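Next comes protein_35.pdb, a file with PDB, C-alpha atoms, pLDDT in the B column.
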```
ATOM      1  CA  MET A  79      38.378  -1.833  37.886  1.00 83.00           C
ATOM      2  CA  ARG A  80      37.184   1.618  36.907  1.00 88.00           C
ATOM      3  CA  LYS A  81      38.532   1.107  33.358  1.00 88.00           C
ATOM      4  CA  ILE A  82      36.534  -2.124  33.018  1.00 90.00           C
ATOM      5  CA  PHE A  83      33.399  -0.363  34.260  1.00 88.00           C
ATOM      6  CA  GLU A  84      33.903   2.527  31.787  1.00 91.00           C
ATOM      7  CA  ASP A  85      34.480   0.123  28.889  1.00 91.00           C
ATOM      8  CA  PHE A  86      31.381  -1.815  29.908  1.00 91.00           C
ATOM      9  CA  LYS A  87      29.380   1.417  30.058  1.00 91.00           C
ATOM     10  CA  LYS A  88      30.582   2.453  26.567  1.00 92.00           C
ATOM     11  CA  GLY A  89      29.735  -0.995  25.251  1.00 92.00           C
ATOM     12  CA  MET A  90      26.239  -0.793  26.698  1.00 94.00           C
ATOM     13  CA  GLU A  91      25.716   2.627  25.090  1.00 94.00           C
ATOM     14  CA  LYS A  92      26.693   1.177  21.709  1.00 94.00           C
ATOM     15  CA  VAL A  93      24.288  -1.732  22.196  1.00 94.00           C
ATOM     16  CA  ARG A  94      21.480   0.680  23.142  1.00 95.00           C
ATOM     17  CA  TRP A  95      22.214   2.856  20.127  1.00 95.00           C
ATOM     18  CA  PHE A  96      22.149  -0.153  17.823  1.00 94.00           C
ATOM     19  CA  ALA A  97      18.921  -1.451  19.420  1.00 95.00           C
ATOM     20  CA  ARG A  98      17.222   1.938  18.943  1.00 95.00           C
ATOM     21  CA  LEU A  99      18.410   2.133  15.351  1.00 94.00           C
ATOM     22  CA  PHE A 100      17.269  -1.421  14.650  1.00 94.00           C
ATOM     23  CA  ALA A 101      13.849  -0.845  16.262  1.00 94.00           C
ATOM     24  CA  GLU A 102      13.295   2.344  14.284  1.00 91.00           C
ATOM     25  CA  ARG A 103      14.294   0.685  11.018  1.00 89.00           C
ATOM     26  CA  LEU A 104      12.011  -2.251  11.784  1.00 92.00           C
ATOM     27  CA  LYS A 105       9.063   0.115  12.368  1.00 91.00           C
ATOM     28  CA  ILE A 106       9.742   1.767   9.018  1.00 88.00           C
ATOM     29  CA  GLU A 107       9.944  -1.556   7.193  1.00 88.00           C
ATOM     30  CA  ILE A 108       6.684  -2.736   8.770  1.00 91.00           C
ATOM     31  CA  SER A 109       5.012   0.523   7.712  1.00 89.00           C
ATOM     32  CA  ILE A 110       6.197   0.002   4.146  1.00 86.00           C
ATOM     33  CA  PHE A 111       4.922  -3.593   4.145  1.00 88.00           C
ATOM     34  CA  ARG A 112       1.530  -2.441   5.417  1.00 90.00           C
ATOM     35  CA  LEU A 113       1.264   0.200   2.721  1.00 88.00           C
ATOM     36  CA  LEU A 114       2.248  -2.261   0.014  1.00 85.00           C
ATOM     37  CA  TYR A 115      -0.246  -4.800   1.372  1.00 90.00           C
ATOM     38  CA  ASP A 116      -2.997  -2.169   1.235  1.00 90.00           C
ATOM     39  CA  SER A 117      -2.010  -1.329  -2.334  1.00 87.00           C
ATOM     40  CA  ASN A 118      -2.161  -5.005  -3.281  1.00 89.00           C
ATOM     41  CA  ARG A 119      -5.592  -5.378  -1.640  1.00 93.00           C
ATOM     42  CA  MET A 120      -6.851  -2.367  -3.604  1.00 93.00           C
ATOM     43  CA  ARG A 121      -5.474  -3.891  -6.811  1.00 92.00           C
ATOM     44  CA  LYS A 122      -7.447  -7.079  -6.171  1.00 95.00           C
ATOM     45  CA  THR A 123     -10.602  -5.051  -5.556  1.00 95.00           C
ATOM     46  CA  ARG A 124      -9.955  -3.256  -8.847  1.00 95.00           C
ATOM     47  CA  GLU A 125      -9.651  -6.586 -10.643  1.00 95.00           C
ATOM     48  CA  GLU A 126     -12.996  -7.693  -9.159  1.00 95.00           C
ATOM     49  CA  LEU A 127     -14.634  -4.500 -10.379  1.00 94.00           C
ATOM     50  CA  LEU A 128     -13.200  -5.028 -13.855  1.00 94.00           C
ATOM     51  CA  LYS A 129     -14.641  -8.549 -13.875  1.00 95.00           C
ATOM     52  CA  LYS A 130     -17.993  -7.123 -12.816  1.00 94.00           C
ATOM     53  CA  ILE A 131     -17.869  -4.654 -15.725  1.00 92.00           C
ATOM     54  CA  GLY A 132     -17.008  -7.437 -18.144  1.00 92.00           C
ATOM     55  CA  GLU A 133     -19.875  -9.588 -16.912  1.00 92.00           C
ATOM     56  CA  ARG A 134     -22.304  -6.694 -17.230  1.00 89.00           C
ATOM     57  CA  VAL A 135     -21.100  -5.940 -20.775  1.00 88.00           C
ATOM     58  CA  MET A 136     -21.706  -9.584 -21.680  1.00 89.00           C
ATOM     59  CA  GLU A 137     -25.222  -9.317 -20.242  1.00 86.00           C
ATOM     60  CA  LEU A 138     -25.916  -6.212 -22.324  1.00 84.00           C
ATOM     61  CA  ARG A 139     -24.339  -7.407 -25.565  1.00 83.00           C
ATOM     62  CA  GLY A 140     -27.706  -8.133 -27.156  1.00 80.00           C
ATOM     63  CA  HIS A 141     -29.149  -4.718 -26.335  1.00 79.00           C
ATOM     64  CA  HIS A 142     -27.834  -2.477 -29.075  1.00 77.00           C
ATOM     65  CA  ASP A 143     -30.116   0.370 -28.082  1.00 76.00           C
ATOM     66  CA  LYS A 144     -28.527   0.708 -24.636  1.00 77.00           C
ATOM     67  CA  ASN A 145     -25.413   2.826 -24.038  1.00 82.00           C
ATOM     68  CA  ILE A 146     -23.094   0.589 -22.040  1.00 82.00           C
ATOM     69  CA  LEU A 147     -21.186   3.418 -20.378  1.00 82.00           C
ATOM     70  CA  LYS A 148     -24.408   4.916 -19.017  1.00 83.00           C
ATOM     71  CA  ASP A 149     -25.443   1.659 -17.359  1.00 85.00           C
ATOM     72  CA  THR A 150     -25.561   2.247 -13.591  1.00 89.00           C
ATOM     73  CA  VAL A 151     -23.634  -0.913 -12.686  1.00 89.00           C
ATOM     74  CA  ILE A 152     -20.824  -0.082 -15.095  1.00 90.00           C
ATOM     75  CA  ALA A 153     -20.762   3.630 -14.228  1.00 91.00           C
ATOM     76  CA  ASP A 154     -20.582   2.856 -10.497  1.00 93.00           C
ATOM     77  CA  ALA A 155     -17.783   0.339 -11.042  1.00 93.00           C
ATOM     78  CA  LEU A 156     -15.834   2.801 -13.193  1.00 93.00           C
ATOM     79  CA  SER A 157     -16.107   5.552 -10.577  1.00 94.00           C
ATOM     80  CA  GLU A 158     -15.011   3.105  -7.872  1.00 95.00           C
ATOM     81  CA  ILE A 159     -12.024   2.060  -9.999  1.00 95.00           C
ATOM     82  CA  ALA A 160     -11.025   5.706 -10.409  1.00 94.00           C
ATOM     83  CA  LYS A 161     -11.129   6.182  -6.631  1.00 94.00           C
ATOM     84  CA  LEU A 162      -9.144   2.988  -6.053  1.00 94.00           C
ATOM     85  CA  GLU A 163      -6.461   3.974  -8.549  1.00 92.00           C
ATOM     86  CA  GLU A 164      -6.108   7.329  -6.833  1.00 92.00           C
ATOM     87  CA  SER A 165      -5.776   5.634  -3.438  1.00 92.00           C
ATOM     88  CA  MET A 166      -3.317   3.096  -4.833  1.00 90.00           C
ATOM     89  CA  GLU A 167      -1.116   5.839  -6.227  1.00 90.00           C
ATOM     90  CA  ALA A 168      -1.192   7.737  -2.928  1.00 90.00           C
ATOM     91  CA  THR A 169      -0.303   4.557  -1.030  1.00 88.00           C
ATOM     92  CA  ARG A 170       2.589   3.785  -3.364  1.00 84.00           C
ATOM     93  CA  ALA A 171       3.831   7.366  -3.019  1.00 86.00           C
ATOM     94  CA  LYS A 172       3.752   7.088   0.796  1.00 86.00           C
ATOM     95  CA  ALA A 173       5.684   3.827   0.683  1.00 81.00           C
ATOM     96  CA  SER A 174       8.186   5.347  -1.704  1.00 81.00           C
ATOM     97  CA  ASP A 175       8.609   8.445   0.465  1.00 81.00           C
ATOM     98  CA  ILE A 176       9.138   6.400   3.605  1.00 79.00           C
ATOM     99  CA  GLY A 177      11.697   4.198   1.852  1.00 70.00           C
ATOM    100  CA  ARG A 178      13.506   7.164   0.367  1.00 65.00           C
ATOM    101  CA  VAL A 179      13.683   9.131   3.625  1.00 51.00           C
ATOM    102  CA  THR A 180      15.297   6.310   5.546  1.00 47.00           C
ATOM    103  CA  GLU A 181      18.000   5.389   3.065  1.00 45.00           C
TER     104      GLU A 181
END
```

Could the structure of this file be written out as structure tokens, please?
Amino acid sequence: MRKIFEDFKKGMEKVRWFARLFAERLKIEISIFRLLYDSNRMRKTREELLKKIGERVMELRGHHDKNILKDTVIADALSEIAKLEESMEATRAKASDIGRVTE
């Protein structure tokens, strides 16, 4: 009877170990998915800003005396794109680091 109890206890320890390992891995995978989702959301925002720049350029196409890059709408969109690209790169690096650490 004691042998059965000891085997049962060892089996339960293995199940607990596997459950902890599985839970930890699941947390890591969810973190990676969140980071990739954020990166994708930032990419869509970037695309919207690029569309905004294109629309503004089309509006200004008849004004040859105006410097397009100094237009406030375009300059603001370009600075926002630069910030987004920086954030996207940092997010991708975090996701990559998390994935690399756990393998």

Taken to one decimal, the CA of Asn118 (chain A)-CA of Lys172 (chain A) distance is 14.1 Å

What does the PyMOL selection byres ((chain A and resi 120) around 12) select in this file, as a PyMOL selection string? chain A and resi 113-119+121-127+158-170

Output C-alpha atoms for every residue in the selection just made, as a PDB file, keeping the file's coordinate frame.
```
ATOM      1  CA  LEU A 113       1.264   0.200   2.721  1.00 88.00           C
ATOM      2  CA  LEU A 114       2.248  -2.261   0.014  1.00 85.00           C
ATOM      3  CA  TYR A 115      -0.246  -4.800   1.372  1.00 90.00           C
ATOM      4  CA  ASP A 116      -2.997  -2.169   1.235  1.00 90.00           C
ATOM      5  CA  SER A 117      -2.010  -1.329  -2.334  1.00 87.00           C
ATOM      6  CA  ASN A 118      -2.161  -5.005  -3.281  1.00 89.00           C
ATOM      7  CA  ARG A 119      -5.592  -5.378  -1.640  1.00 93.00           C
ATOM      8  CA  ARG A 121      -5.474  -3.891  -6.811  1.00 92.00           C
ATOM      9  CA  LYS A 122      -7.447  -7.079  -6.171  1.00 95.00           C
ATOM     10  CA  THR A 123     -10.602  -5.051  -5.556  1.00 95.00           C
ATOM     11  CA  ARG A 124      -9.955  -3.256  -8.847  1.00 95.00           C
ATOM     12  CA  GLU A 125      -9.651  -6.586 -10.643  1.00 95.00           C
ATOM     13  CA  GLU A 126     -12.996  -7.693  -9.159  1.00 95.00           C
ATOM     14  CA  LEU A 127     -14.634  -4.500 -10.379  1.00 94.00           C
ATOM     15  CA  GLU A 158     -15.011   3.105  -7.872  1.00 95.00           C
ATOM     16  CA  ILE A 159     -12.024   2.060  -9.999  1.00 95.00           C
ATOM     17  CA  ALA A 160     -11.025   5.706 -10.409  1.00 94.00           C
ATOM     18  CA  LYS A 161     -11.129   6.182  -6.631  1.00 94.00           C
ATOM     19  CA  LEU A 162      -9.144   2.988  -6.053  1.00 94.00           C
ATOM     20  CA  GLU A 163      -6.461   3.974  -8.549  1.00 92.00           C
ATOM     21  CA  GLU A 164      -6.108   7.329  -6.833  1.00 92.00           C
ATOM     22  CA  SER A 165      -5.776   5.634  -3.438  1.00 92.00           C
ATOM     23  CA  MET A 166      -3.317   3.096  -4.833  1.00 90.00           C
ATOM     24  CA  GLU A 167      -1.116   5.839  -6.227  1.00 90.00           C
ATOM     25  CA  ALA A 168      -1.192   7.737  -2.928  1.00 90.00           C
ATOM     26  CA  THR A 169      -0.303   4.557  -1.030  1.00 88.00           C
ATOM     27  CA  ARG A 170       2.589   3.785  -3.364  1.00 84.00           C
TER      28      ARG A 170
END
```

Point-to-point distance in Å for CA of His141 (chain A) and CA of Ala155 (chain A):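 Atom-to-atom, CA of Ala155 (chain A) to CA of His141 (chain A), that is 19.7 Å.
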
Option closest in space to Ser157 (chain A), from A:Leu138, A:Ile131, A:Phe96, A:Ser174 [counting all atoms listed in the file]: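 Once distances to Ser157 (chain A) are computed over all atoms listed in the file, the minimum belongs to A:Ile131.
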
State, in Å with one decimal place, the distance from CA of Ala101 (chain A) to CA of Asp85 (chain A).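 Straight-line distance from CA of Ala101 (chain A) to CA of Asp85 (chain A) works out to 24.2 Å.
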
Contacts of Ile110 (chain A) at 8 Å or less, counting only C-alpha atoms, minus same-chain residues fewer than 2 places along, as a VMD selection string? chain A and resid 106 to 108 112 to 114 173 176 to 177

Taking the file as shown, find all residues satisfying the PyMOL selection byres ((chain A and resi 152) around 9) and write them as a ChimeraX atom specification. /A:127,130-132,134-135,146-151,153-157

Provide an axis-aligned box for all listed atoms of region 140-147 of chain A, padding each side by 3 Å; report its centre and its edge lengths in Å to one decimal, as AutoDock Vina command-line options.
```
--center_x -25.7 --center_y -2.4 --center_z -24.7 --size_x 14.9 --size_y 17.6 --size_z 14.7
```
